[in-house]
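Written below as structure tokens is the structure these notes are about.
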Amino acid sequence: MREAPPLRTVSADPSTTRSRPVEYVGVLLGSAAAALIFGAGVAHADENASTPSDRSSESSEQSDTSTATGPSATQNDTTSPIAASDDSSKTDVSETSPAVRKDDDEGTGNGRTLQNQAPSVDQLDATPASPAQSTDDDTTGAPEAELKAPETPAAEPKSEPTTPKVPQPPTPVVAPAGRQEDDADVRAPALAQPVPSRSTTATAVPLTTVAALPPLPNLPQLVRQLTGLTVDAAAFSASLVSAVAYQVAQTLGPNFLGGGPHYAALTIANFAADISRQVTGTPPTAAAGPFPVNYGVFNPLAWLNPYAIPPGANDPTITVTPAHPLPIILVNGTTETQAYNWSVGAPVLANAGYKVYSFAYGASTTIPGFPFGGVADIAQSAQQLSAQIDAVLAETGASQVILVGHSQGGGILPAYYMNVLGGADKVSQLIGIAPSNHGTDVNYAAYALTLPILGSLLTGLLSATLPALEQQSITSPFQQIVYGNGDTRPGVLYTTIVSTYDEVLTPYTQQFLDGPSVTNIVIQDQHPGFMGGHLSVLVNPAVWSYVLDALEANPAANPLLAPLAQIAV
């Protein structure tokens, strides 16, 4: 379970408080309240203006105070949110981030998994007692009503009474959420509640916590996200021009005005398609098979019809075979349609000999032909996915299916089906292309949902109209429902294919999965020149090469290749 590290807290020294007369408690609390208001503003200003070294020094000093009075004396710098944010430029994040990215246990070399190193509540409970708890070993942890002073206290040296000094109130700790970009893993900002004091004394000062917004992403990762957005927008625009020009050419025909307008429109269509391929870094690769594959070019007009079927999908002439006994169900992403989403993927898989299905789901309106799918409540969409899986199994006679999805369709939707609805037994493999796992901050836009008043209004508006968008936010409680008991389920093979230039699912490391039988692939590890973002991954040949490789590595999907793989080993 992923949980953000708890916010650091600082309180006044309980032992000092106990030694002072009762009449000065009011003075102490009044001074602490005034300093808290003033100190919170200063601490927030210092967080934005101080250098990394200044923040590191401040964190060290406050860590000493927290060691004496905080909930745990065993927390080190590797689990501190402040320490994790001091040096985000290092490539080795195993000591600076609570979420550690490492090569997967499968030994693939390009897989990565995440582990949360944050201390749990049980670990906090197991830490040494604070001074307030350890003053009397016989009464530690006893109810307050049972604490009594000794009848014959030991003699102590007397000293002349002095004027009590009002202690300085503790400086509030500003605890950023620890957002790490680039090669560091990222998690949602901490939403933890202040840790209650377990002191058995009646005069303990309440703990004080001041939260801050997470730090901004580093410049290189921000540039990559903007680059991915630019590439996606340019490729989609060029593809739209190509599709419209081609439709014009087909409408006019070669006989209209001697064929001149027809061939001019075809020239424009081909030129625009070449621009899309250049932008996405796609070579003019010819695909073998009965279904044409237009690598590097979208089919934007297919977005207008949610019921249009991509080439190679739902083809009655194709059946499951002994070489490929498991059918593949393609699950499109949020606001997308099946024909648009799989204009390249469906023919690629069909040409490879797989039985391929696609379907429409997640409409938020009853208007026929409404072009945006995957926007309804994900729990409702998961029921539609369940019905589609059952129908495919009944039609093909297969024991399991393979899910290949994009964005929501490769992430949180099938995860809900398997993790919450218990459908893992019917799924042999999940291949997620830019999957929406663990939520996205959409380049910090999602944090608007946490603002006072405005956040509640925005959340209510999205929940009423486009609930799938709110549920995929990094701040949504729905993430805990889906992933709270682990990312994966036994018996299912998982593959995630991720671009560091993704501008929609940010930070991109959110897309990775933890667990056995997981392969996390970063496209740029093998194809550093690819700069496509969230959409361009759908039409890139390298991505579909990864998909075909993942399918071949599944013995249930390719039983005839399993003996060959054992011989090769």
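Letters A, B, ... mark the chains of the structure tokens in the order given; residue numbers begin at 1 per chain; ligand numbers begin at 1, in order shown.
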Run DSSP on the backbone and give me the residues of stretch 298-394 of chain A it puts in strand (DSSP E), as a VMD selection string. chain A and resid 328 to 331 356 to 358
Can you pull out every residue within 9 Å of stretch 395-398 of chain A, counting only C-alpha atoms, but drop anything in the same chain fewer than 5 positions away, and send it as a tab-separated table (two decimals) with all heavy atoms, in the first residue's frame?
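Done, and the output landed in selection-v7.tsv:
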chain	number	residue	atom	x	y	z
A	319	THR	N	-10.42	-16.57	-35.68
A	319	THR	CA	-10.76	-17.34	-34.48
A	319	THR	C	-9.50	-17.60	-33.66
A	319	THR	O	-8.38	-17.36	-34.13
A	319	THR	CB	-11.40	-18.69	-34.84
A	319	THR	OG1	-10.45	-19.46	-35.61
A	319	THR	CG2	-12.67	-18.48	-35.65
A	320	VAL	N	-9.70	-18.05	-32.45
A	320	VAL	CA	-8.56	-18.48	-31.64
A	320	VAL	C	-7.98	-19.75	-32.26
A	320	VAL	O	-8.71	-20.56	-32.86
A	320	VAL	CB	-8.95	-18.71	-30.18
A	320	VAL	CG1	-9.36	-17.41	-29.51
A	320	VAL	CG2	-10.08	-19.73	-30.08
A	325	PRO	N	-4.31	-19.32	-28.36
A	325	PRO	CA	-5.61	-19.76	-27.85
A	325	PRO	C	-6.36	-18.74	-27.02
A	325	PRO	O	-7.54	-18.96	-26.72
A	325	PRO	CB	-5.22	-20.96	-26.98
A	325	PRO	CG	-3.82	-20.67	-26.52
A	325	PRO	CD	-3.18	-19.94	-27.64
A	326	LEU	N	-5.72	-17.63	-26.64
A	326	LEU	CA	-6.39	-16.64	-25.80
A	326	LEU	C	-6.77	-15.41	-26.61
A	326	LEU	O	-5.93	-14.82	-27.30
A	326	LEU	CB	-5.47	-16.22	-24.64
A	326	LEU	CG	-5.04	-17.33	-23.67
A	326	LEU	CD1	-4.24	-16.72	-22.52
A	326	LEU	CD2	-6.23	-18.11	-23.14
A	327	PRO	N	-8.02	-14.98	-26.54
A	327	PRO	CA	-8.43	-13.76	-27.24
A	327	PRO	C	-7.91	-12.52	-26.53
A	327	PRO	O	-7.66	-12.53	-25.31
A	327	PRO	CB	-9.96	-13.83	-27.20
A	327	PRO	CG	-10.25	-14.63	-25.96
A	327	PRO	CD	-9.14	-15.63	-25.83
A	390	ASP	N	-16.95	-11.78	-20.20
A	390	ASP	CA	-17.79	-12.98	-20.15
A	390	ASP	C	-18.31	-13.35	-21.54
A	390	ASP	O	-18.37	-14.53	-21.90
A	390	ASP	CB	-18.96	-12.77	-19.19
A	390	ASP	CG	-18.51	-12.70	-17.74
A	390	ASP	OD1	-17.37	-13.15	-17.45
A	390	ASP	OD2	-19.28	-12.18	-16.90
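What separates atom CA of A:Ser242 from atom CA of A:Ala272 is a distance of 5.1 Å.
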Write down as a ChimeraX atom specification the residues of stretch 233-444 of chain A whose backbone DSSP state falls under alpha helix (DSSP H). /A:233-252,260-280,338-341,345-351,378-396,412-419
Of the candidates A:Ala288, A:Val356, A:Ala245, A:Ala379, which shows the shortest atom-to-atom distance to A:Ile318, using only C-alpha atoms? A:Val356
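Atom CA of A:Gly353 is positioned 24.7 Å from atom CA of A:Ser407.
Checking A:Thr227, A:Ser473, A:Thr459, A:Thr488 one by one against A:Ala415, counting only C-alpha atoms, you find the shortest gap at A:Thr488.
If you measure from each of A:Leu421, A:Val248, A:Leu222, A:Leu466 to A:Glu503 using only C-alpha atoms, the closest one turns out to be A:Leu222.
Residue nearest A:Phe370, chosen from A:Leu535, A:Leu461, A:Leu304, A:Ala550 and counting only C-alpha atoms: A:Leu304.
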Show which residues sit within 12 Å of A:Gln383, as a compact mmCIF listing (two decimals) with N, CA, C and O atoms, in the first residue's frame. Count only C-alpha atoms, and ignore same-chain residues fewer than 5 positions away.
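Saved as around.txt:
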# COMPACT_ATOMS: atom_id res chain seq x y z
N TYR A 361 -17.45 1.68 -24.08
CA TYR A 361 -17.85 1.66 -22.67
C TYR A 361 -17.78 3.07 -22.11
O TYR A 361 -17.17 3.98 -22.69
N GLY A 362 -18.36 3.27 -20.95
CA GLY A 362 -18.17 4.47 -20.15
C GLY A 362 -18.79 5.74 -20.69
O GLY A 362 -18.28 6.83 -20.41
N ALA A 376 -17.55 7.80 -17.66
CA ALA A 376 -18.51 7.47 -16.59
C ALA A 376 -17.77 6.94 -15.37
O ALA A 376 -16.55 6.75 -15.37
N ASP A 377 -18.53 6.70 -14.32
CA ASP A 377 -17.99 6.13 -13.08
C ASP A 377 -17.23 4.85 -13.42
O ASP A 377 -17.73 3.95 -14.11
N ILE A 378 -15.98 4.75 -12.95
CA ILE A 378 -15.13 3.61 -13.28
C ILE A 378 -15.74 2.31 -12.74
O ILE A 378 -15.59 1.25 -13.36
N GLN A 388 -18.20 -7.74 -21.10
CA GLN A 388 -17.49 -7.99 -22.35
C GLN A 388 -16.58 -9.21 -22.23
O GLN A 388 -16.51 -10.04 -23.14
N ILE A 389 -15.89 -9.34 -21.11
CA ILE A 389 -15.02 -10.50 -20.89
C ILE A 389 -15.83 -11.78 -20.89
O ILE A 389 -15.44 -12.79 -21.52
N ASP A 390 -16.95 -11.78 -20.20
CA ASP A 390 -17.79 -12.98 -20.15
C ASP A 390 -18.31 -13.35 -21.54
O ASP A 390 -18.37 -14.53 -21.90
N LEU A 413 -8.97 0.98 -14.71
CA LEU A 413 -10.19 0.24 -15.02
C LEU A 413 -9.99 -1.28 -14.89
O LEU A 413 -10.72 -1.93 -14.14
N PRO A 414 -9.01 -1.88 -15.60
CA PRO A 414 -8.81 -3.32 -15.38
C PRO A 414 -8.33 -3.64 -13.97
O PRO A 414 -8.61 -4.72 -13.45
N TYR A 416 -9.40 -2.16 -11.25
CA TYR A 416 -10.62 -2.24 -10.45
C TYR A 416 -11.34 -3.56 -10.70
O TYR A 416 -11.84 -4.20 -9.76
N TYR A 417 -11.38 -3.98 -11.96
CA TYR A 417 -12.06 -5.24 -12.29
C TYR A 417 -11.39 -6.42 -11.57
O TYR A 417 -12.08 -7.29 -11.03
N MET A 418 -10.06 -6.43 -11.54
CA MET A 418 -9.36 -7.56 -10.93
C MET A 418 -9.23 -7.42 -9.42
O MET A 418 -9.41 -8.39 -8.68
N VAL A 420 -10.94 -5.29 -7.22
CA VAL A 420 -12.14 -5.03 -6.43
C VAL A 420 -13.26 -6.02 -6.77
O VAL A 420 -13.90 -6.58 -5.88
N LEU A 421 -13.47 -6.25 -8.07
CA LEU A 421 -14.54 -7.17 -8.48
C LEU A 421 -14.10 -8.62 -8.48
O LEU A 421 -14.93 -9.52 -8.68
N GLY A 422 -12.81 -8.87 -8.28
CA GLY A 422 -12.33 -10.24 -8.19
C GLY A 422 -12.26 -10.97 -9.51
O GLY A 422 -12.42 -12.19 -9.56
N GLY A 423 -12.00 -10.25 -10.61
CA GLY A 423 -11.97 -10.88 -11.93
C GLY A 423 -10.61 -11.37 -12.38
O GLY A 423 -10.45 -11.70 -13.56
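Interatomic distance, atom CA of A:Asn520 against atom CA of A:Asn558: 20.9 Å.
Nearest to A:Thr335 of all the residues A:Ile433, A:Leu469, A:Thr251, A:Ala382 is A:Leu469, based on only C-alpha atoms.
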Tell me which protein, DNA and RNA residues are within 10 Å of A:Phe372, counting only C-alpha atoms, leaving out same-chain ones fewer than 2 positions away, and put them as a short mmCIF file (atom, residue, chain, number, x, y, z; two decimals) with N, CA, C and O atoms, in the first residue's frame.
data_model
loop_
_atom_site.label_atom_id
_atom_site.label_comp_id
_atom_site.auth_asym_id
_atom_site.auth_seq_id
_atom_site.Cartn_x
_atom_site.Cartn_y
_atom_site.Cartn_z
N TRP A 303 -12.80 9.37 -34.01
CA TRP A 303 -13.19 9.81 -32.68
C TRP A 303 -14.67 10.22 -32.64
O TRP A 303 -15.28 10.30 -31.57
N LEU A 304 -15.24 10.50 -33.79
CA LEU A 304 -16.62 10.99 -33.85
C LEU A 304 -17.65 9.87 -33.75
O LEU A 304 -18.84 10.15 -33.60
N ASN A 305 -17.21 8.62 -33.85
CA ASN A 305 -18.15 7.50 -33.83
C ASN A 305 -17.67 6.45 -32.84
O ASN A 305 -16.75 5.70 -33.12
N PRO A 306 -18.29 6.39 -31.67
CA PRO A 306 -17.82 5.44 -30.65
C PRO A 306 -18.08 3.98 -31.01
O PRO A 306 -17.51 3.09 -30.39
N GLY A 333 -8.94 4.41 -23.84
CA GLY A 333 -8.71 5.31 -22.71
C GLY A 333 -9.85 6.30 -22.51
O GLY A 333 -10.87 6.29 -23.21
N THR A 334 -9.67 7.19 -21.56
CA THR A 334 -10.67 8.18 -21.20
C THR A 334 -10.91 9.15 -22.35
O THR A 334 -9.96 9.65 -22.96
N THR A 335 -12.17 9.42 -22.65
CA THR A 335 -12.67 10.31 -23.73
C THR A 335 -12.37 9.78 -25.12
O THR A 335 -12.73 10.42 -26.11
N GLU A 336 -11.76 8.61 -25.23
CA GLU A 336 -11.39 8.09 -26.55
C GLU A 336 -12.42 7.07 -27.03
O GLU A 336 -13.25 6.59 -26.26
N THR A 337 -12.35 6.74 -28.32
CA THR A 337 -13.21 5.73 -28.91
C THR A 337 -12.36 4.58 -29.42
O THR A 337 -11.16 4.73 -29.66
N ALA A 360 -17.16 -0.47 -26.89
CA ALA A 360 -17.39 0.87 -26.36
C ALA A 360 -17.88 0.77 -24.92
O ALA A 360 -18.67 -0.12 -24.58
N TYR A 361 -17.45 1.68 -24.08
CA TYR A 361 -17.85 1.66 -22.67
C TYR A 361 -17.78 3.07 -22.11
O TYR A 361 -17.17 3.98 -22.69
N GLY A 362 -18.36 3.27 -20.95
CA GLY A 362 -18.17 4.47 -20.15
C GLY A 362 -18.79 5.74 -20.69
O GLY A 362 -18.28 6.83 -20.41
N ALA A 363 -19.89 5.65 -21.44
CA ALA A 363 -20.57 6.87 -21.88
C ALA A 363 -21.30 7.50 -20.70
O ALA A 363 -21.90 6.80 -19.88
N SER A 364 -21.24 8.81 -20.60
CA SER A 364 -21.88 9.50 -19.47
C SER A 364 -23.24 10.06 -19.86
O SER A 364 -23.85 10.79 -19.09
N THR A 365 -23.71 9.74 -21.05
CA THR A 365 -24.99 10.24 -21.52
C THR A 365 -25.68 9.17 -22.35
O THR A 365 -25.02 8.25 -22.86
N GLY A 369 -24.51 7.82 -30.15
CA GLY A 369 -23.34 8.29 -30.88
C GLY A 369 -22.54 9.36 -30.18
O GLY A 369 -21.70 10.02 -30.81
N PHE A 370 -22.78 9.57 -28.87
CA PHE A 370 -21.97 10.56 -28.14
C PHE A 370 -20.49 10.16 -28.23
O PHE A 370 -20.14 9.02 -27.90
N GLY A 374 -15.50 6.29 -21.89
CA GLY A 374 -14.60 6.16 -20.76
C GLY A 374 -14.64 7.30 -19.78
O GLY A 374 -13.65 7.54 -19.09
N VAL A 375 -15.77 8.02 -19.69
CA VAL A 375 -15.85 9.15 -18.76
C VAL A 375 -16.82 8.89 -17.62
O VAL A 375 -16.90 9.69 -16.69
N ALA A 376 -17.55 7.80 -17.66
CA ALA A 376 -18.51 7.47 -16.59
C ALA A 376 -17.77 6.94 -15.37
O ALA A 376 -16.55 6.75 -15.37
#
